[in-house]
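Structure file data-v7.cif (mmCIF, N, CA and C atoms) follows.
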data_upload
#
loop_
_atom_site.group_PDB
_atom_site.id
_atom_site.type_symbol
_atom_site.label_atom_id
_atom_site.label_comp_id
_atom_site.auth_asym_id
_atom_site.auth_seq_id
_atom_site.Cartn_x
_atom_site.Cartn_y
_atom_site.Cartn_z
ATOM 1 N N MET A 1 98.660 -43.466 -54.507
ATOM 2 C CA MET A 1 98.842 -42.132 -55.017
ATOM 3 C C MET A 1 100.272 -42.026 -55.529
ATOM 4 N N GLY A 2 100.444 -41.296 -56.625
ATOM 5 C CA GLY A 2 101.767 -41.098 -57.188
ATOM 6 C C GLY A 2 102.064 -39.624 -57.355
ATOM 7 N N TYR A 3 103.318 -39.341 -57.615
ATOM 8 C CA TYR A 3 103.749 -37.969 -57.838
ATOM 9 C C TYR A 3 104.341 -37.847 -59.234
ATOM 10 N N LYS A 4 104.138 -36.715 -59.838
ATOM 11 C CA LYS A 4 104.690 -36.475 -61.159
ATOM 12 C C LYS A 4 105.597 -35.255 -61.078
ATOM 13 N N SER A 5 106.778 -35.413 -61.602
ATOM 14 C CA SER A 5 107.756 -34.329 -61.614
ATOM 15 C C SER A 5 107.717 -33.652 -62.980
ATOM 16 N N ILE A 6 107.617 -32.340 -62.998
ATOM 17 C CA ILE A 6 107.572 -31.593 -64.261
ATOM 18 C C ILE A 6 108.803 -30.704 -64.321
ATOM 19 N N ARG A 7 109.585 -30.845 -65.408
ATOM 20 C CA ARG A 7 110.786 -30.027 -65.596
ATOM 21 C C ARG A 7 110.426 -28.769 -66.351
ATOM 22 N N THR A 8 110.932 -27.655 -65.914
ATOM 23 C CA THR A 8 110.683 -26.389 -66.589
ATOM 24 C C THR A 8 112.001 -25.681 -66.857
ATOM 25 N N SER A 9 111.999 -24.821 -67.866
ATOM 26 C CA SER A 9 113.162 -24.018 -68.189
ATOM 27 C C SER A 9 113.294 -22.901 -67.160
ATOM 28 N N ASP A 10 114.496 -22.715 -66.649
ATOM 29 C CA ASP A 10 114.749 -21.604 -65.731
ATOM 30 C C ASP A 10 114.799 -20.278 -66.473
ATOM 31 N N ILE A 11 114.943 -20.323 -67.784
ATOM 32 C CA ILE A 11 114.983 -19.088 -68.583
ATOM 33 C C ILE A 11 113.570 -18.604 -68.888
ATOM 34 N N SER A 12 112.730 -19.495 -69.411
ATOM 35 C CA SER A 12 111.406 -19.077 -69.870
ATOM 36 C C SER A 12 110.258 -19.566 -68.996
ATOM 37 N N GLY A 13 110.506 -20.568 -68.170
ATOM 38 C CA GLY A 13 109.439 -21.158 -67.378
ATOM 39 C C GLY A 13 108.615 -22.178 -68.139
ATOM 40 N N GLU A 14 108.949 -22.402 -69.416
ATOM 41 C CA GLU A 14 108.223 -23.367 -70.243
ATOM 42 C C GLU A 14 108.468 -24.787 -69.733
ATOM 43 N N ILE A 15 107.450 -25.630 -69.848
ATOM 44 C CA ILE A 15 107.585 -27.040 -69.492
ATOM 45 C C ILE A 15 108.448 -27.735 -70.541
ATOM 46 N N LEU A 16 109.412 -28.539 -70.076
ATOM 47 C CA LEU A 16 110.323 -29.256 -70.971
ATOM 48 C C LEU A 16 110.185 -30.758 -70.755
ATOM 49 N N ALA A 17 110.165 -31.510 -71.843
ATOM 50 C CA ALA A 17 110.213 -32.968 -71.743
ATOM 51 C C ALA A 17 111.581 -33.355 -71.181
ATOM 52 N N ASP A 18 111.624 -34.433 -70.417
ATOM 53 C CA ASP A 18 112.883 -34.851 -69.790
ATOM 54 C C ASP A 18 114.015 -35.007 -70.796
ATOM 55 N N ASP A 19 113.710 -35.473 -72.010
ATOM 56 C CA ASP A 19 114.762 -35.692 -73.000
ATOM 57 C C ASP A 19 115.157 -34.405 -73.737
ATOM 58 N N LYS A 20 114.578 -33.282 -73.355
ATOM 59 C CA LYS A 20 114.904 -31.986 -73.977
ATOM 60 C C LYS A 20 115.604 -31.033 -73.021
ATOM 61 N N VAL A 21 115.789 -31.449 -71.769
ATOM 62 C CA VAL A 21 116.384 -30.582 -70.754
ATOM 63 C C VAL A 21 117.902 -30.579 -70.889
ATOM 64 N N ILE A 22 118.466 -29.392 -71.004
ATOM 65 C CA ILE A 22 119.920 -29.221 -70.991
ATOM 66 C C ILE A 22 120.263 -28.496 -69.699
ATOM 67 N N THR A 23 121.135 -29.112 -68.896
ATOM 68 C CA THR A 23 121.587 -28.462 -67.676
ATOM 69 C C THR A 23 122.845 -27.671 -68.013
ATOM 70 N N VAL A 24 122.819 -26.384 -67.757
ATOM 71 C CA VAL A 24 123.925 -25.478 -68.060
ATOM 72 C C VAL A 24 124.670 -25.198 -66.763
ATOM 73 N N VAL A 25 125.977 -25.445 -66.741
ATOM 74 C CA VAL A 25 126.815 -25.168 -65.577
ATOM 75 C C VAL A 25 127.620 -23.912 -65.868
ATOM 76 N N VAL A 26 127.439 -22.885 -65.050
ATOM 77 C CA VAL A 26 128.202 -21.639 -65.176
ATOM 78 C C VAL A 26 129.326 -21.727 -64.149
ATOM 79 N N ARG A 27 130.459 -22.240 -64.585
ATOM 80 C CA ARG A 27 131.564 -22.514 -63.660
ATOM 81 C C ARG A 27 132.052 -21.267 -62.935
ATOM 82 N N SER A 28 132.145 -20.162 -63.632
ATOM 83 C CA SER A 28 132.683 -18.951 -63.002
ATOM 84 C C SER A 28 131.773 -18.417 -61.903
ATOM 85 N N ALA A 29 130.486 -18.748 -61.955
ATOM 86 C CA ALA A 29 129.546 -18.288 -60.932
ATOM 87 C C ALA A 29 129.175 -19.394 -59.951
ATOM 88 N N GLY A 30 129.604 -20.639 -60.236
ATOM 89 C CA GLY A 30 129.255 -21.751 -59.374
ATOM 90 C C GLY A 30 127.757 -22.021 -59.361
ATOM 91 N N LYS A 31 127.106 -21.831 -60.502
ATOM 92 C CA LYS A 31 125.657 -21.986 -60.600
ATOM 93 C C LYS A 31 125.303 -22.927 -61.739
ATOM 94 N N LEU A 32 124.083 -23.458 -61.701
ATOM 95 C CA LEU A 32 123.578 -24.236 -62.823
ATOM 96 C C LEU A 32 122.091 -23.980 -62.984
ATOM 97 N N PHE A 33 121.618 -24.166 -64.214
ATOM 98 C CA PHE A 33 120.203 -23.988 -64.502
ATOM 99 C C PHE A 33 119.807 -24.872 -65.669
ATOM 100 N N ASP A 34 118.500 -25.049 -65.836
ATOM 101 C CA ASP A 34 117.969 -25.869 -66.924
ATOM 102 C C ASP A 34 117.421 -24.982 -68.032
ATOM 103 N N ALA A 35 117.585 -25.449 -69.268
ATOM 104 C CA ALA A 35 117.090 -24.718 -70.439
ATOM 105 C C ALA A 35 116.873 -25.710 -71.573
ATOM 106 N N SER A 36 116.320 -25.219 -72.659
ATOM 107 C CA SER A 36 116.167 -26.040 -73.865
ATOM 108 C C SER A 36 117.221 -25.618 -74.879
ATOM 109 N N ALA A 37 117.472 -26.479 -75.845
ATOM 110 C CA ALA A 37 118.449 -26.169 -76.893
ATOM 111 C C ALA A 37 118.040 -24.908 -77.648
ATOM 112 N N GLU A 38 116.751 -24.738 -77.878
ATOM 113 C CA GLU A 38 116.260 -23.565 -78.614
ATOM 114 C C GLU A 38 116.588 -22.268 -77.868
ATOM 115 N N GLU A 39 116.513 -22.308 -76.543
ATOM 116 C CA GLU A 39 116.799 -21.111 -75.751
ATOM 117 C C GLU A 39 118.280 -20.758 -75.743
ATOM 118 N N LEU A 40 119.119 -21.733 -76.014
ATOM 119 C CA LEU A 40 120.567 -21.520 -75.966
ATOM 120 C C LEU A 40 121.170 -21.250 -77.328
ATOM 121 N N VAL A 41 120.354 -21.240 -78.376
ATOM 122 C CA VAL A 41 120.861 -21.092 -79.738
ATOM 123 C C VAL A 41 121.612 -19.764 -79.928
ATOM 124 N N GLY A 42 121.287 -18.750 -79.160
ATOM 125 C CA GLY A 42 121.948 -17.455 -79.288
ATOM 126 C C GLY A 42 123.353 -17.406 -78.714
ATOM 127 N N LEU A 43 123.761 -18.454 -78.017
ATOM 128 C CA LEU A 43 125.117 -18.492 -77.465
ATOM 129 C C LEU A 43 126.078 -18.970 -78.543
ATOM 130 N N LYS A 44 126.978 -18.125 -78.945
ATOM 131 C CA LYS A 44 127.948 -18.465 -79.989
ATOM 132 C C LYS A 44 129.139 -19.182 -79.364
ATOM 133 N N ARG A 45 129.520 -20.279 -79.966
ATOM 134 C CA ARG A 45 130.678 -21.025 -79.472
ATOM 135 C C ARG A 45 131.962 -20.373 -79.970
ATOM 136 N N VAL A 46 132.943 -20.346 -79.095
ATOM 137 C CA VAL A 46 134.248 -19.799 -79.433
ATOM 138 C C VAL A 46 135.185 -20.981 -79.626
ATOM 139 N N THR A 47 135.932 -20.979 -80.722
ATOM 140 C CA THR A 47 136.846 -22.084 -80.992
ATOM 141 C C THR A 47 138.289 -21.621 -80.835
ATOM 142 N N ASN A 48 139.187 -22.573 -80.845
ATOM 143 C CA ASN A 48 140.628 -22.319 -80.726
ATOM 144 C C ASN A 48 140.984 -21.584 -79.452
ATOM 145 N N VAL A 49 140.351 -22.001 -78.356
ATOM 146 C CA VAL A 49 140.671 -21.438 -77.049
ATOM 147 C C VAL A 49 141.018 -22.578 -76.098
ATOM 148 N N VAL A 50 141.694 -22.237 -75.013
ATOM 149 C CA VAL A 50 142.055 -23.193 -73.975
ATOM 150 C C VAL A 50 141.536 -22.623 -72.657
ATOM 151 N N GLU A 51 140.786 -23.429 -71.913
ATOM 152 C CA GLU A 51 140.262 -23.006 -70.616
ATOM 153 C C GLU A 51 141.243 -23.464 -69.543
ATOM 154 N N LEU A 52 141.658 -22.556 -68.694
ATOM 155 C CA LEU A 52 142.631 -22.864 -67.646
ATOM 156 C C LEU A 52 142.071 -22.513 -66.278
ATOM 157 N N GLU A 53 142.452 -23.286 -65.281
ATOM 158 C CA GLU A 53 142.189 -22.931 -63.884
ATOM 159 C C GLU A 53 143.546 -22.653 -63.266
ATOM 160 N N LEU A 54 143.721 -21.464 -62.742
ATOM 161 C CA LEU A 54 144.972 -21.093 -62.082
ATOM 162 C C LEU A 54 144.764 -21.208 -60.580
ATOM 163 N N ARG A 55 145.509 -22.090 -59.940
ATOM 164 C CA ARG A 55 145.406 -22.294 -58.486
ATOM 165 C C ARG A 55 146.576 -21.577 -57.821
ATOM 166 N N HIS A 56 146.266 -20.544 -57.063
ATOM 167 C CA HIS A 56 147.290 -19.713 -56.438
ATOM 168 C C HIS A 56 147.686 -20.271 -55.074
ATOM 169 N N PRO A 57 148.908 -19.929 -54.604
ATOM 170 C CA PRO A 57 149.380 -20.472 -53.325
ATOM 171 C C PRO A 57 148.526 -20.054 -52.131
ATOM 172 N N ASP A 58 147.795 -18.944 -52.240
ATOM 173 C CA ASP A 58 146.965 -18.496 -51.118
ATOM 174 C C ASP A 58 145.624 -19.225 -51.060
ATOM 175 N N GLY A 59 145.429 -20.207 -51.953
ATOM 176 C CA GLY A 59 144.200 -20.995 -51.955
ATOM 177 C C GLY A 59 143.149 -20.494 -52.923
ATOM 178 N N ASN A 60 143.316 -19.300 -53.453
ATOM 179 C CA ASN A 60 142.368 -18.782 -54.436
ATOM 180 C C ASN A 60 142.632 -19.419 -55.788
ATOM 181 N N SER A 61 141.588 -19.507 -56.585
ATOM 182 C CA SER A 61 141.752 -19.997 -57.945
ATOM 183 C C SER A 61 140.923 -19.126 -58.871
ATOM 184 N N GLU A 62 141.333 -19.107 -60.123
ATOM 185 C CA GLU A 62 140.595 -18.348 -61.125
ATOM 186 C C GLU A 62 140.570 -19.150 -62.412
ATOM 187 N N GLU A 63 139.496 -18.993 -63.164
ATOM 188 C CA GLU A 63 139.384 -19.641 -64.459
ATOM 189 C C GLU A 63 139.576 -18.583 -65.533
ATOM 190 N N ILE A 64 140.439 -18.894 -66.505
ATOM 191 C CA ILE A 64 140.682 -17.959 -67.596
ATOM 192 C C ILE A 64 140.583 -18.710 -68.919
ATOM 193 N N ILE A 65 140.318 -17.972 -69.961
ATOM 194 C CA ILE A 65 140.279 -18.527 -71.306
ATOM 195 C C ILE A 65 141.304 -17.781 -72.133
ATOM 196 N N VAL A 66 142.185 -18.537 -72.778
ATOM 197 C CA VAL A 66 143.236 -17.939 -73.599
ATOM 198 C C VAL A 66 143.159 -18.522 -75.005
ATOM 199 N N SER A 67 143.714 -17.810 -75.949
ATOM 200 C CA SER A 67 143.730 -18.354 -77.309
ATOM 201 C C SER A 67 144.681 -19.542 -77.357
ATOM 202 N N LYS A 68 144.363 -20.488 -78.206
ATOM 203 C CA LYS A 68 145.207 -21.676 -78.351
ATOM 204 C C LYS A 68 146.604 -21.273 -78.815
ATOM 205 N N ALA A 69 146.699 -20.277 -79.685
ATOM 206 C CA ALA A 69 147.998 -19.823 -80.190
ATOM 207 C C ALA A 69 148.855 -19.260 -79.056
ATOM 208 N N ASP A 70 148.269 -18.434 -78.194
ATOM 209 C CA ASP A 70 149.026 -17.881 -77.068
ATOM 210 C C ASP A 70 149.445 -18.981 -76.099
ATOM 211 N N PHE A 71 148.551 -19.942 -75.851
ATOM 212 C CA PHE A 71 148.868 -21.056 -74.964
ATOM 213 C C PHE A 71 150.057 -21.842 -75.495
ATOM 214 N N GLU A 72 150.044 -22.134 -76.803
ATOM 215 C CA GLU A 72 151.115 -22.931 -77.400
ATOM 216 C C GLU A 72 152.445 -22.185 -77.456
ATOM 217 N N LYS A 73 152.427 -20.860 -77.389
ATOM 218 C CA LYS A 73 153.671 -20.083 -77.316
ATOM 219 C C LYS A 73 154.358 -20.276 -75.960
ATOM 220 N N VAL A 74 153.554 -20.498 -74.922
ATOM 221 C CA VAL A 74 154.080 -20.613 -73.563
ATOM 222 C C VAL A 74 154.281 -22.072 -73.155
ATOM 223 N N VAL A 75 153.340 -22.935 -73.517
ATOM 224 C CA VAL A 75 153.363 -24.344 -73.105
ATOM 225 C C VAL A 75 153.556 -25.211 -74.342
ATOM 226 N N THR A 76 154.691 -25.884 -74.408
ATOM 227 C CA THR A 76 154.981 -26.723 -75.573
ATOM 228 C C THR A 76 154.168 -28.021 -75.508
ATOM 229 N N ALA A 77 154.052 -28.673 -76.634
ATOM 230 C CA ALA A 77 153.343 -29.954 -76.701
ATOM 231 C C ALA A 77 154.013 -30.987 -75.798
ATOM 232 N N GLU A 78 155.346 -30.934 -75.694
ATOM 233 C CA GLU A 78 156.076 -31.869 -74.839
ATOM 234 C C GLU A 78 155.724 -31.659 -73.364
ATOM 235 N N VAL A 79 155.656 -30.393 -72.937
ATOM 236 C CA VAL A 79 155.294 -30.095 -71.547
ATOM 237 C C VAL A 79 153.899 -30.643 -71.256
ATOM 238 N N LEU A 80 152.963 -30.410 -72.152
ATOM 239 C CA LEU A 80 151.597 -30.871 -71.954
ATOM 240 C C LEU A 80 151.521 -32.401 -71.953
ATOM 241 N N ALA A 81 152.280 -33.058 -72.826
ATOM 242 C CA ALA A 81 152.275 -34.518 -72.892
ATOM 243 C C ALA A 81 152.820 -35.142 -71.605
ATOM 244 N N ASN A 82 153.766 -34.479 -70.966
ATOM 245 C CA ASN A 82 154.385 -35.005 -69.745
ATOM 246 C C ASN A 82 153.694 -34.541 -68.469
ATOM 247 N N ALA A 83 152.660 -33.711 -68.586
ATOM 248 C CA ALA A 83 151.977 -33.173 -67.416
ATOM 249 C C ALA A 83 151.132 -34.237 -66.727
ATOM 250 N N ASP A 84 150.891 -34.035 -65.431
ATOM 251 C CA ASP A 84 150.046 -34.944 -64.657
ATOM 252 C C ASP A 84 148.602 -34.862 -65.138
ATOM 253 N N ASN A 85 147.856 -35.949 -64.947
ATOM 254 C CA ASN A 85 146.421 -35.930 -65.187
ATOM 255 C C ASN A 85 145.745 -35.228 -64.023
ATOM 256 N N ILE A 86 144.566 -34.649 -64.279
ATOM 257 C CA ILE A 86 143.888 -33.943 -63.194
ATOM 258 C C ILE A 86 143.257 -34.906 -62.196
ATOM 259 N N ARG A 87 143.178 -36.174 -62.531
ATOM 260 C CA ARG A 87 142.647 -37.179 -61.611
ATOM 261 C C ARG A 87 143.724 -38.198 -61.307
ATOM 262 N N GLY A 88 143.701 -38.678 -60.103
ATOM 263 C CA GLY A 88 144.661 -39.703 -59.723
ATOM 264 C C GLY A 88 145.944 -39.108 -59.173
ATOM 265 N N ARG A 89 146.929 -39.946 -59.063
ATOM 266 C CA ARG A 89 148.210 -39.534 -58.480
ATOM 267 C C ARG A 89 149.045 -38.744 -59.465
ATOM 268 N N ARG A 90 149.944 -37.956 -58.919
ATOM 269 C CA ARG A 90 150.877 -37.208 -59.756
ATOM 270 C C ARG A 90 151.890 -38.189 -60.348
ATOM 271 N N ASN A 91 152.461 -37.843 -61.490
ATOM 272 C CA ASN A 91 153.450 -38.700 -62.144
ATOM 273 C C ASN A 91 154.616 -38.969 -61.190
ATOM 274 N N GLY A 92 155.046 -40.216 -61.122
ATOM 275 C CA GLY A 92 156.187 -40.577 -60.304
ATOM 276 C C GLY A 92 155.883 -40.802 -58.839
ATOM 277 N N PHE A 93 154.656 -40.535 -58.386
ATOM 278 C CA PHE A 93 154.314 -40.724 -56.970
ATOM 279 C C PHE A 93 154.044 -42.192 -56.695
ATOM 280 N N LYS A 94 154.655 -42.690 -55.634
ATOM 281 C CA LYS A 94 154.387 -44.062 -55.191
ATOM 282 C C LYS A 94 154.146 -44.012 -53.697
ATOM 283 N N PRO A 95 153.008 -44.520 -53.266
ATOM 284 C CA PRO A 95 152.751 -44.511 -51.809
ATOM 285 C C PRO A 95 153.777 -45.396 -51.107
ATOM 286 N N SER A 96 154.189 -44.943 -49.961
ATOM 287 C CA SER A 96 155.187 -45.729 -49.226
ATOM 288 C C SER A 96 154.548 -47.016 -48.722
ATOM 289 N N ALA A 97 155.321 -48.058 -48.725
ATOM 290 C CA ALA A 97 154.841 -49.372 -48.288
ATOM 291 C C ALA A 97 155.283 -49.622 -46.859
ATOM 292 N N ASP A 98 155.010 -48.671 -45.985
ATOM 293 C CA ASP A 98 155.436 -48.819 -44.561
ATOM 294 C C ASP A 98 154.703 -49.894 -43.859
#
Output the structure of this file as structure tokens.
Amino acid sequence: MGYKSIRTSDISGEILADDKVITVVVRSAGKLFDASAEELVGLKRVTNVVELELRHPDGNSEEIIVSKADFEKVVTAEVLANADNIRGRRNGFKPSAD
């Protein structure tokens, strides 16, 4: 006996072929759902924006979207080029060889 898995859209409930499923991650809500490209066509893309996560000292974080022009007024290209990567060690960090 075998089992068959059927993917459906969380928006419409329609059955979707595996190669047509788009998983949508809603970062601000910490949720995800499946949909088809046709169902998402009404979502207009915004260009020339920068998505930021602000991590506060109290442990809270927030995600904001700012215009690229406003971002570049505050953060120069040099600052961004010298910034740490979000993965791995911070620039200049070397583990001690104790």
Taking only region 1-97 of chain A into account, list the residues labelled alpha helix (DSSP H) by DSSP (computed from the backbone), as a PyMOL selection string. chain A and resi 37-40+68-74+77-82
Separation of CA of Glu14 (chain A) and CA of Ala35 (chain A), in Å?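 Here the two named atoms are 9.0 Å from each other.
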List, as an MDAnalysis selection string, every residue that the PyMOL selection byres ((chain A and resi 6) around 7) selects in the file provided. chainID A and resid 4:5 7:8 15:16
Find the residues near Ser9 (chain A): any atom within 12 Å, counting only C-alpha atoms, skip ones fewer than 3 places away on the same chain, and give them as an MDAnalysis selection string. chainID A and resid 6 12:18 20:24 32:40
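Residues lying within 7 Å of Val50 (chain A), counting all atoms listed in the file and ignoring same-chain neighbours fewer than 4 positions away, are Ile64, Ile65, Val66, Ser67 and Lys68 of chain A.
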Atom-to-atom span, atom N of Ala83 (chain A) and atom N of Gly30 (chain A), Å: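 These two atoms are separated by 27.8 Å.
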Can you list, as a count of residues only, every residue of chain A that DSSP puts in strand (DSSP E)? 28
CA of Glu53 (chain A) to CA of Val75 (chain A), straight-line distance in Å: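 Here the two named atoms are 14.6 Å from each other.
Shell of Glu63 (chain A) at 7 Å, with only N, CA and C atoms counted and residues fewer than 4 places along the chain excluded, is Ser28, Glu51, Leu52, Glu53 and Leu54 of chain A.
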Dump as a CSV table (one decimal), keeping the file's coordinate frame, selection limited to N, CA and C atoms:
chain,number,residue,atom,x,y,z
A,28,SER,N,132.1,-20.2,-63.6
A,28,SER,CA,132.7,-19.0,-63.0
A,28,SER,C,131.8,-18.4,-61.9
A,51,GLU,N,140.8,-23.4,-71.9
A,51,GLU,CA,140.3,-23.0,-70.6
A,51,GLU,C,141.2,-23.5,-69.5
A,52,LEU,N,141.7,-22.6,-68.7
A,52,LEU,CA,142.6,-22.9,-67.6
A,52,LEU,C,142.1,-22.5,-66.3
A,53,GLU,N,142.5,-23.3,-65.3
A,53,GLU,CA,142.2,-22.9,-63.9
A,53,GLU,C,143.5,-22.7,-63.3
A,54,LEU,N,143.7,-21.5,-62.7
A,54,LEU,CA,145.0,-21.1,-62.1
A,54,LEU,C,144.8,-21.2,-60.6
